[in-house]
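What follows is one structure encoded as C-alpha coordinates, with my remarks underneath.
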Amino acid sequence: MNTPASRAPETAITPIAGGTLWYQGVGKCLLSYFRDVQLTHEGLELIFFVDGLPLYKGSRSQLWPILMQVHNVPNTPVMTVAIFWGESKSLILEEFLDQFVDEMNHLFMNGLIIGNRFYWVASRAIIADAPARAFIKGVKGHNAYSGCQKCTIVGELHGHRMYFAYDAERQPRKHSDFCDGKYPTHVNKRTPLTRLLGCDIEADFVSAEDMHLLYKGVEAKLIDLWI
(Lines give C-alpha, C1' and ligand atoms only; values in the text may rest on other atoms or scores of the structure.)
Protein backbone atom coordinates (compact mmCIF):
# COMPACT_ATOMS: atom_id res chain seq x y z
CA MET A 1 0.00 0.00 0.00
CA ASN A 2 3.03 2.26 -0.53
CA THR A 3 3.55 2.72 3.21
CA PRO A 4 6.85 4.57 3.77
CA ALA A 5 9.59 2.34 5.17
CA SER A 6 9.96 4.59 8.22
CA ARG A 7 6.37 3.80 9.16
CA ALA A 8 6.46 0.07 8.47
CA PRO A 9 5.34 -2.02 11.47
CA GLU A 10 8.54 -4.06 11.30
CA THR A 11 10.60 -1.04 12.39
CA ALA A 12 8.81 -1.07 15.75
CA ILE A 13 9.64 -4.74 16.44
CA THR A 14 12.68 -5.23 18.66
CA PRO A 15 14.29 -8.51 19.73
CA ILE A 16 14.63 -8.59 23.52
CA ALA A 17 15.56 -11.29 26.03
CA GLY A 18 12.98 -14.06 25.83
CA GLY A 19 11.18 -12.92 22.68
CA THR A 20 10.31 -9.84 20.63
CA LEU A 21 8.64 -6.55 21.52
CA TRP A 22 6.40 -4.48 19.25
CA TYR A 23 6.12 -0.98 20.65
CA GLN A 24 3.59 1.36 19.07
CA GLY A 25 3.69 4.03 21.76
CA VAL A 26 1.31 6.02 23.94
CA GLY A 27 1.63 9.18 21.88
CA LYS A 28 0.87 7.44 18.58
CA CYS A 29 -2.25 5.86 20.03
CA LEU A 30 -3.55 9.19 21.30
CA LEU A 31 -2.71 11.11 18.14
CA SER A 32 -4.32 8.47 15.95
CA TYR A 33 -7.59 8.37 17.91
CA PHE A 34 -8.02 12.07 18.64
CA ARG A 35 -7.18 13.04 15.08
CA ASP A 36 -10.86 12.48 14.24
CA VAL A 37 -12.38 12.97 17.71
CA GLN A 38 -12.84 16.41 19.24
CA LEU A 39 -11.23 16.67 22.66
CA THR A 40 -12.79 19.11 25.14
CA HIS A 41 -10.59 18.28 28.14
CA GLU A 42 -7.35 20.03 29.09
CA GLY A 43 -5.49 16.80 29.70
CA LEU A 44 -5.52 13.02 29.41
CA GLU A 45 -5.62 10.74 32.44
CA LEU A 46 -4.54 7.26 31.39
CA ILE A 47 -5.19 3.79 32.78
CA PHE A 48 -2.87 0.96 31.74
CA PHE A 49 -3.43 -2.80 31.77
CA VAL A 50 -0.81 -5.56 31.55
CA ASP A 51 -1.42 -9.31 31.38
CA GLY A 52 -0.14 -12.46 29.75
CA LEU A 53 -2.17 -14.82 27.60
CA PRO A 54 -1.30 -18.09 25.84
CA LEU A 55 -1.64 -18.24 22.06
CA TYR A 56 -2.21 -21.98 21.58
CA LYS A 57 -3.09 -25.00 23.68
CA GLY A 58 -0.08 -27.19 24.33
CA SER A 59 2.35 -24.38 23.48
CA ARG A 60 4.41 -22.04 25.63
CA SER A 61 3.97 -19.24 23.10
CA GLN A 62 2.37 -16.22 24.77
CA LEU A 63 1.62 -12.53 24.39
CA TRP A 64 2.07 -9.81 27.00
CA PRO A 65 0.27 -6.66 25.82
CA ILE A 66 0.35 -3.21 27.39
CA LEU A 67 -3.12 -1.75 26.87
CA MET A 68 -4.39 1.75 27.60
CA GLN A 69 -7.63 3.66 28.02
CA VAL A 70 -8.27 7.37 28.60
CA HIS A 71 -10.07 7.52 31.92
CA ASN A 72 -11.40 11.08 31.84
CA VAL A 73 -12.75 10.95 28.27
CA PRO A 74 -15.87 8.74 28.15
CA ASN A 75 -16.29 6.01 25.53
CA THR A 76 -12.67 5.94 24.39
CA PRO A 77 -11.64 2.48 23.16
CA VAL A 78 -8.91 0.31 24.62
CA MET A 79 -5.69 1.05 22.73
CA THR A 80 -2.65 -1.18 22.26
CA VAL A 81 0.59 0.47 23.37
CA ALA A 82 2.89 -2.55 23.04
CA ILE A 83 2.90 -6.34 22.67
CA PHE A 84 5.61 -8.74 23.81
CA TRP A 85 5.74 -12.24 22.33
CA GLY A 86 7.86 -15.10 23.63
CA GLU A 87 7.99 -18.62 25.02
CA SER A 88 7.82 -17.14 28.53
CA LYS A 89 7.64 -13.75 30.20
CA SER A 90 10.25 -11.21 29.21
CA LEU A 91 13.48 -12.34 30.86
CA ILE A 92 14.69 -8.78 31.48
CA LEU A 93 12.03 -6.50 32.90
CA GLU A 94 13.87 -3.33 31.85
CA GLU A 95 13.74 -4.33 28.17
CA PHE A 96 9.99 -4.87 28.41
CA LEU A 97 9.12 -1.63 30.23
CA ASP A 98 11.89 0.90 29.56
CA GLN A 99 10.41 2.32 26.34
CA PHE A 100 7.02 2.73 28.00
CA VAL A 101 8.44 4.45 31.09
CA ASP A 102 10.70 6.75 29.05
CA GLU A 103 7.85 7.83 26.77
CA MET A 104 5.41 8.39 29.65
CA ASN A 105 8.01 10.48 31.49
CA HIS A 106 8.50 12.57 28.36
CA LEU A 107 4.73 13.08 27.98
CA PHE A 108 4.36 13.84 31.69
CA MET A 109 7.03 16.55 31.47
CA ASN A 110 6.22 17.99 28.04
CA GLY A 111 2.59 17.10 27.34
CA LEU A 112 1.20 16.30 23.90
CA ILE A 113 0.24 18.57 21.00
CA ILE A 114 -2.96 17.43 19.26
CA GLY A 115 -3.98 19.69 16.42
CA ASN A 116 -2.86 23.10 17.63
CA ARG A 117 -3.60 22.56 21.30
CA PHE A 118 -1.45 21.44 24.22
CA TYR A 119 -2.69 18.69 26.56
CA TRP A 120 -1.13 17.35 29.73
CA VAL A 121 -0.71 13.57 30.01
CA ALA A 122 -0.55 11.57 33.24
CA SER A 123 -0.93 8.00 34.45
CA ARG A 124 -3.88 7.33 36.78
CA ALA A 125 -3.49 3.61 37.53
CA ILE A 126 -1.98 0.35 36.36
CA ILE A 127 -4.29 -2.66 36.40
CA ALA A 128 -3.10 -6.27 36.39
CA ASP A 129 -4.09 -9.54 38.02
CA ALA A 130 -1.97 -10.88 40.89
CA PRO A 131 0.68 -12.79 38.86
CA ALA A 132 1.09 -10.04 36.26
CA ARG A 133 1.20 -7.35 38.95
CA ALA A 134 3.95 -9.20 40.80
CA PHE A 135 5.88 -9.61 37.54
CA ILE A 136 5.87 -5.95 36.42
CA LYS A 137 6.56 -4.69 39.96
CA GLY A 138 9.38 -7.20 40.41
CA VAL A 139 7.99 -8.51 43.72
CA LYS A 140 7.16 -11.86 45.33
CA GLY A 141 3.98 -13.61 44.23
CA HIS A 142 0.73 -13.37 46.17
CA ASN A 143 1.30 -16.81 47.74
CA ALA A 144 4.72 -15.93 49.21
CA TYR A 145 5.31 -15.15 52.88
CA SER A 146 5.99 -11.48 52.06
CA GLY A 147 3.62 -11.42 49.11
CA CYS A 148 1.19 -8.76 50.36
CA GLN A 149 1.58 -5.73 48.13
CA LYS A 150 -0.18 -3.27 50.43
CA CYS A 151 1.39 -3.88 53.85
CA THR A 152 4.34 -5.57 55.54
CA ILE A 153 2.39 -8.43 57.10
CA VAL A 154 4.07 -11.85 56.91
CA GLY A 155 1.87 -14.73 55.79
CA GLU A 156 1.39 -18.08 57.50
CA LEU A 157 1.33 -21.38 55.64
CA HIS A 158 -1.28 -23.95 56.58
CA GLY A 159 -1.11 -27.04 54.39
CA HIS A 160 -0.92 -25.73 50.83
CA ARG A 161 -2.59 -22.40 51.59
CA MET A 162 -1.00 -19.09 52.51
CA TYR A 163 -3.12 -16.73 54.54
CA PHE A 164 -2.53 -13.30 56.04
CA ALA A 165 -4.07 -12.89 59.50
CA TYR A 166 -4.87 -9.52 61.03
CA ASP A 167 -1.80 -7.95 62.60
CA ALA A 168 -2.04 -4.61 64.39
CA GLU A 169 1.73 -4.13 63.98
CA ARG A 170 1.71 -4.28 60.20
CA GLN A 171 2.74 -1.16 58.33
CA PRO A 172 1.42 -0.01 54.93
CA ARG A 173 4.01 -0.19 52.18
CA LYS A 174 5.23 3.18 50.93
CA HIS A 175 6.45 4.30 47.51
CA SER A 176 9.61 5.90 48.93
CA ASP A 177 10.54 2.80 50.95
CA PHE A 178 9.92 0.58 47.92
CA CYS A 179 12.21 2.72 45.74
CA ASP A 180 14.87 2.89 48.47
CA GLY A 181 15.10 -0.90 48.70
CA LYS A 182 13.66 -1.21 52.20
CA TYR A 183 11.62 -4.33 51.35
CA PRO A 184 14.31 -6.96 50.63
CA THR A 185 12.03 -9.91 51.43
CA HIS A 186 9.27 -8.51 49.20
CA VAL A 187 11.12 -7.22 46.13
CA ASN A 188 12.82 -9.67 43.77
CA LYS A 189 14.29 -7.26 41.25
CA ARG A 190 14.31 -3.60 40.32
CA THR A 191 11.45 -2.46 38.12
CA PRO A 192 11.56 0.51 35.71
CA LEU A 193 8.13 1.53 37.04
CA THR A 194 9.83 3.15 40.04
CA ARG A 195 11.02 5.78 37.52
CA LEU A 196 7.51 6.49 36.20
CA LEU A 197 6.80 10.12 37.04
CA GLY A 198 3.53 10.81 38.81
CA CYS A 199 3.06 7.13 39.67
CA ASP A 200 3.00 5.74 43.20
CA ILE A 201 4.27 2.16 43.00
CA GLU A 202 1.96 1.18 45.87
CA ALA A 203 -1.15 3.38 45.66
CA ASP A 204 -1.53 3.44 41.85
CA PHE A 205 -1.55 -0.34 41.36
CA VAL A 206 -5.01 -1.79 41.63
CA SER A 207 -4.71 -4.79 43.94
CA ALA A 208 -8.30 -6.02 43.86
CA GLU A 209 -10.55 -6.64 40.88
CA ASP A 210 -13.96 -8.21 40.37
CA MET A 211 -13.00 -11.26 38.33
CA HIS A 212 -10.70 -13.01 40.79
CA LEU A 213 -12.27 -11.80 44.04
CA LEU A 214 -15.95 -12.13 43.16
CA TYR A 215 -16.79 -14.00 39.96
CA LYS A 216 -14.02 -16.61 40.20
CA GLY A 217 -13.55 -16.26 43.95
CA VAL A 218 -16.29 -15.71 46.51
CA GLU A 219 -19.20 -16.16 44.11
CA ALA A 220 -17.78 -19.33 42.57
CA LYS A 221 -17.19 -20.79 46.04
CA LEU A 222 -20.73 -19.94 47.17
CA ILE A 223 -22.31 -21.45 44.06
CA ASP A 224 -20.29 -24.63 44.59
CA LEU A 225 -21.47 -24.84 48.22
CA TRP A 226 -25.12 -24.16 47.28
CA ILE A 227 -25.12 -26.83 44.59
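Residue names in the C-alpha coordinates use chain letters A, B, ... in the order shown, residue numbers from 1 in each chain, and ligand numbers from 1 in the order shown.
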
Original post:
Within 9 Å of Ser207 of chain A, counting only C-alpha atoms, which residues qualify if same-chain residues fewer than 4 places away don't, as an MDAnalysis selection string?
Top reply: chainID A and resid 127:130 133 149:150

**OP:** May I have the residues within 7 Å of segment 179-196 of chain A as a ChimeraX atom specification, using only C-alpha atoms and disregarding those fewer than 4 positions away in the same chain?
**Re:** /A:93-94,97-98,101,105,136-140,146-147,175,201

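Here atom CA of Gln171 of chain A stands at a distance of 7.4 Å from atom CA of Ile153 of chain A.
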
Original post:
From the list A:Tyr163, A:Ile83, A:Tyr33, A:Met109, which residue is nearest Cys148 of chain A when using only C-alpha atoms?
Top reply: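 Comparing A:Tyr163, A:Ile83, A:Tyr33, A:Met109 against Cys148 of chain A, the winner is A:Tyr163.
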
Subject >> 7 Å contact set for Asp51 of chain A, only C-alpha atoms, chain neighbours under 4 positions out, as JSON, numbers by chain >> reply: {"A": [64, 65, 128, 132]}

For the residues selected in the previous step, produce a file with N, CA and C atoms as a PDB file, in the first residue's frame.
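Written output follows (result18.pdb):
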ATOM      1  N   TRP A  64       2.204 -10.701  25.852  1.00  0.00           N
ATOM      2  CA  TRP A  64       2.072  -9.810  27.005  1.00  0.00           C
ATOM      3  C   TRP A  64       1.819  -8.401  26.464  1.00  0.00           C
ATOM      4  N   PRO A  65       0.554  -8.005  26.333  1.00  0.00           N
ATOM      5  CA  PRO A  65       0.270  -6.661  25.823  1.00  0.00           C
ATOM      6  C   PRO A  65       0.283  -5.606  26.936  1.00  0.00           C
ATOM      7  N   ALA A 128      -3.599  -4.946  36.773  1.00  0.00           N
ATOM      8  CA  ALA A 128      -3.104  -6.272  36.389  1.00  0.00           C
ATOM      9  C   ALA A 128      -3.586  -7.270  37.431  1.00  0.00           C
ATOM     10  N   ALA A 132       0.529 -11.074  37.141  1.00  0.00           N
ATOM     11  CA  ALA A 132       1.087 -10.039  36.261  1.00  0.00           C
ATOM     12  C   ALA A 132       1.559  -8.832  37.061  1.00  0.00           C
TER      13      ALA A 132
END

Subject >> Spatial neighbours of Asn110 of chain A, max dist 12 Å, only C-alpha atoms, sep filter under 3 positions, as a list in words >> reply: Gly27, Gly43, Glu103, Met104, Asn105, His106, Leu107, Ile113, Phe118, Tyr119, Trp120, Val121, Ala122 and Leu197 of chain A

Subject >> In segment 100-191 of chain A, DSSP alpha helix (DSSP H) residues written as a ChimeraX atom specification >> reply: /A:100-110,130-137,175-179

Original post:
Do you know which residues are at most 8 Å from Thr20 of chain A counting only C-alpha atoms, after dropping those on the same chain fewer than 6 positions away, and could you put them as a list of chain:residue names?
Top reply: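 Neighbouring residues, sequence-local ones excluded: A:Ile13, A:Thr14, A:Phe84, A:Trp85, A:Gly86.
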
Subject >> Contacts of Pro74 of chain A at 12 Å (only C-alpha atoms; same-chain gap of 2+ positions) as JSON, numbers by chain >> reply: {"A": [37, 39, 40, 41, 44, 45, 46, 69, 70, 71, 72, 76, 77, 78]}

**OP:** Mind giving me the straight-line distance from atom CA of Arg60 of chain A to atom CA of Glu87 of chain A in Å, one decimal?
**Re:** 5.0 Å

Subject >> Residue among A:Glu202, A:Gly141, A:Ala82, A:Lys174 lying closest to Met162 of chain A, counting only C-alpha atoms >> reply: A:Gly141

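Computed from the coordinates, the atom CA of Gly18 of chain A to atom CA of Tyr145 of chain A distance equals 28.1 Å.
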
**OP:** Name the closest residue to Ala12 of chain A among the candidates A:Leu63, A:Val206, A:Val81, A:Met68; distances are taken between atoms, counting only C-alpha atoms.
**Re:**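 Once distances to Ala12 of chain A are computed over only C-alpha atoms, the minimum belongs to A:Val81.
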
**OP:** Give the strand (DSSP E) residues of segment 13-226 of chain A, as assigned by DSSP on the backbone, as a ChimeraX atom specification.
**Re:** /A:13-16,19-23,43-50,53-54,62-70,79-86,112-114,117-127,156-158,161-163,205-206

**OP:** Considering only C-alpha atoms, return as a PyMOL selection string whatever protein or nucleic-acid residues lie within 10 Å of Ser61 of chain A, sequence-local ones (same chain, fewer than 3 positions apart) excluded.
**Re:** chain A and resi 19+53-58+85-89

Next, write the just-selected residues to a file, as a CSV table (one decimal), in the first residue's frame, keeping all heavy atoms as the atom set.
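Dumped everything to out-v5.csv:
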chain,number,residue,atom,x,y,z
A,19,GLY,N,12.1,-13.0,23.8
A,19,GLY,CA,11.2,-12.9,22.7
A,19,GLY,C,11.4,-11.6,21.9
A,19,GLY,O,12.5,-11.1,21.7
A,53,LEU,N,-1.2,-13.9,28.1
A,53,LEU,CA,-2.2,-14.8,27.6
A,53,LEU,C,-1.5,-15.8,26.6
A,53,LEU,O,-0.7,-15.4,25.8
A,53,LEU,CB,-3.3,-14.1,26.9
A,53,LEU,CG,-3.1,-13.3,25.7
A,53,LEU,CD1,-4.3,-13.2,24.8
A,53,LEU,CD2,-2.7,-11.8,26.0
A,54,PRO,N,-1.9,-17.1,26.7
A,54,PRO,CA,-1.3,-18.1,25.8
A,54,PRO,C,-1.9,-18.0,24.5
A,54,PRO,O,-3.1,-17.6,24.3
A,54,PRO,CB,-1.7,-19.4,26.5
A,54,PRO,CG,-2.9,-19.1,27.3
A,54,PRO,CD,-2.8,-17.7,27.8
A,55,LEU,N,-1.1,-18.3,23.4
A,55,LEU,CA,-1.6,-18.2,22.1
A,55,LEU,C,-2.3,-19.5,21.6
A,55,LEU,O,-3.3,-19.5,20.9
A,55,LEU,CB,-0.5,-17.9,21.1
A,55,LEU,CG,0.0,-16.4,21.1
A,55,LEU,CD1,1.1,-16.3,20.1
A,55,LEU,CD2,-1.1,-15.5,20.8
A,56,TYR,N,-1.7,-20.7,22.0
A,56,TYR,CA,-2.2,-22.0,21.6
A,56,TYR,C,-2.2,-23.0,22.8
A,56,TYR,O,-1.4,-22.8,23.7
A,56,TYR,CB,-1.3,-22.6,20.5
A,56,TYR,CG,-1.0,-21.6,19.4
A,56,TYR,CD1,0.3,-21.1,19.3
A,56,TYR,CD2,-1.9,-21.3,18.4
A,56,TYR,CE1,0.7,-20.2,18.3
A,56,TYR,CE2,-1.5,-20.4,17.4
A,56,TYR,CZ,-0.3,-19.8,17.4
A,56,TYR,OH,0.1,-18.9,16.4
A,57,LYS,N,-3.1,-23.9,22.7
A,57,LYS,CA,-3.1,-25.0,23.7
A,57,LYS,C,-1.9,-25.9,23.4
A,57,LYS,O,-1.5,-26.2,22.3
A,57,LYS,CB,-4.4,-25.8,23.6
A,57,LYS,CG,-5.6,-25.1,24.0
A,57,LYS,CD,-6.8,-26.0,24.0
A,57,LYS,CE,-8.1,-25.2,24.5
A,57,LYS,NZ,-9.3,-26.1,24.4
A,58,GLY,N,-1.2,-26.3,24.5
A,58,GLY,CA,-0.1,-27.2,24.3
A,58,GLY,C,1.2,-26.5,23.8
A,58,GLY,O,2.1,-27.1,23.4
A,85,TRP,N,6.0,-10.8,22.6
A,85,TRP,CA,5.7,-12.2,22.3
A,85,TRP,C,7.0,-13.0,22.7
A,85,TRP,O,8.1,-12.6,22.5
A,85,TRP,CB,5.5,-12.5,20.8
A,85,TRP,CG,5.4,-13.9,20.5
A,85,TRP,CD1,4.4,-14.8,20.6
A,85,TRP,CD2,6.5,-14.7,20.1
A,85,TRP,NE1,4.7,-16.0,20.2
A,85,TRP,CE2,6.0,-16.1,19.9
A,85,TRP,CE3,7.9,-14.5,19.8
A,85,TRP,CZ2,6.9,-17.1,19.5
A,85,TRP,CZ3,8.7,-15.5,19.5
A,85,TRP,CH2,8.2,-16.8,19.3
A,86,GLY,N,6.7,-14.2,23.3
A,86,GLY,CA,7.9,-15.1,23.6
A,86,GLY,C,7.4,-16.4,24.1
A,86,GLY,O,6.2,-16.7,24.2
A,87,GLU,N,8.3,-17.3,24.5
A,87,GLU,CA,8.0,-18.6,25.0
A,87,GLU,C,7.8,-18.5,26.5
A,87,GLU,O,7.4,-19.5,27.2
A,87,GLU,CB,9.1,-19.6,24.7
A,87,GLU,CG,9.4,-19.8,23.2
A,87,GLU,CD,8.2,-20.6,22.6
A,87,GLU,OE1,7.6,-21.4,23.2
A,87,GLU,OE2,7.9,-20.3,21.4
A,88,SER,N,8.0,-17.4,27.1
A,88,SER,CA,7.8,-17.1,28.5
A,88,SER,C,7.7,-15.6,28.7
A,88,SER,O,7.6,-14.9,27.7
A,88,SER,CB,9.0,-17.7,29.4
A,88,SER,OG,10.2,-17.0,29.1
A,89,LYS,N,7.6,-15.2,29.9
A,89,LYS,CA,7.6,-13.7,30.2
A,89,LYS,C,9.0,-13.2,29.7
A,89,LYS,O,9.9,-13.9,29.5
A,89,LYS,CB,7.5,-13.5,31.7
A,89,LYS,CG,6.3,-14.0,32.3
A,89,LYS,CD,6.3,-13.9,33.9
A,89,LYS,CE,5.1,-14.5,34.5
A,89,LYS,NZ,5.3,-14.4,36.0

**OP:** Using only C-alpha atoms, find the one residue out of A:Ala165, A:Leu21, A:Leu214, A:Val26 that sits nearest to Asp102 of chain A.
**Re:**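 Nearest to Asp102 of chain A: A:Val26.
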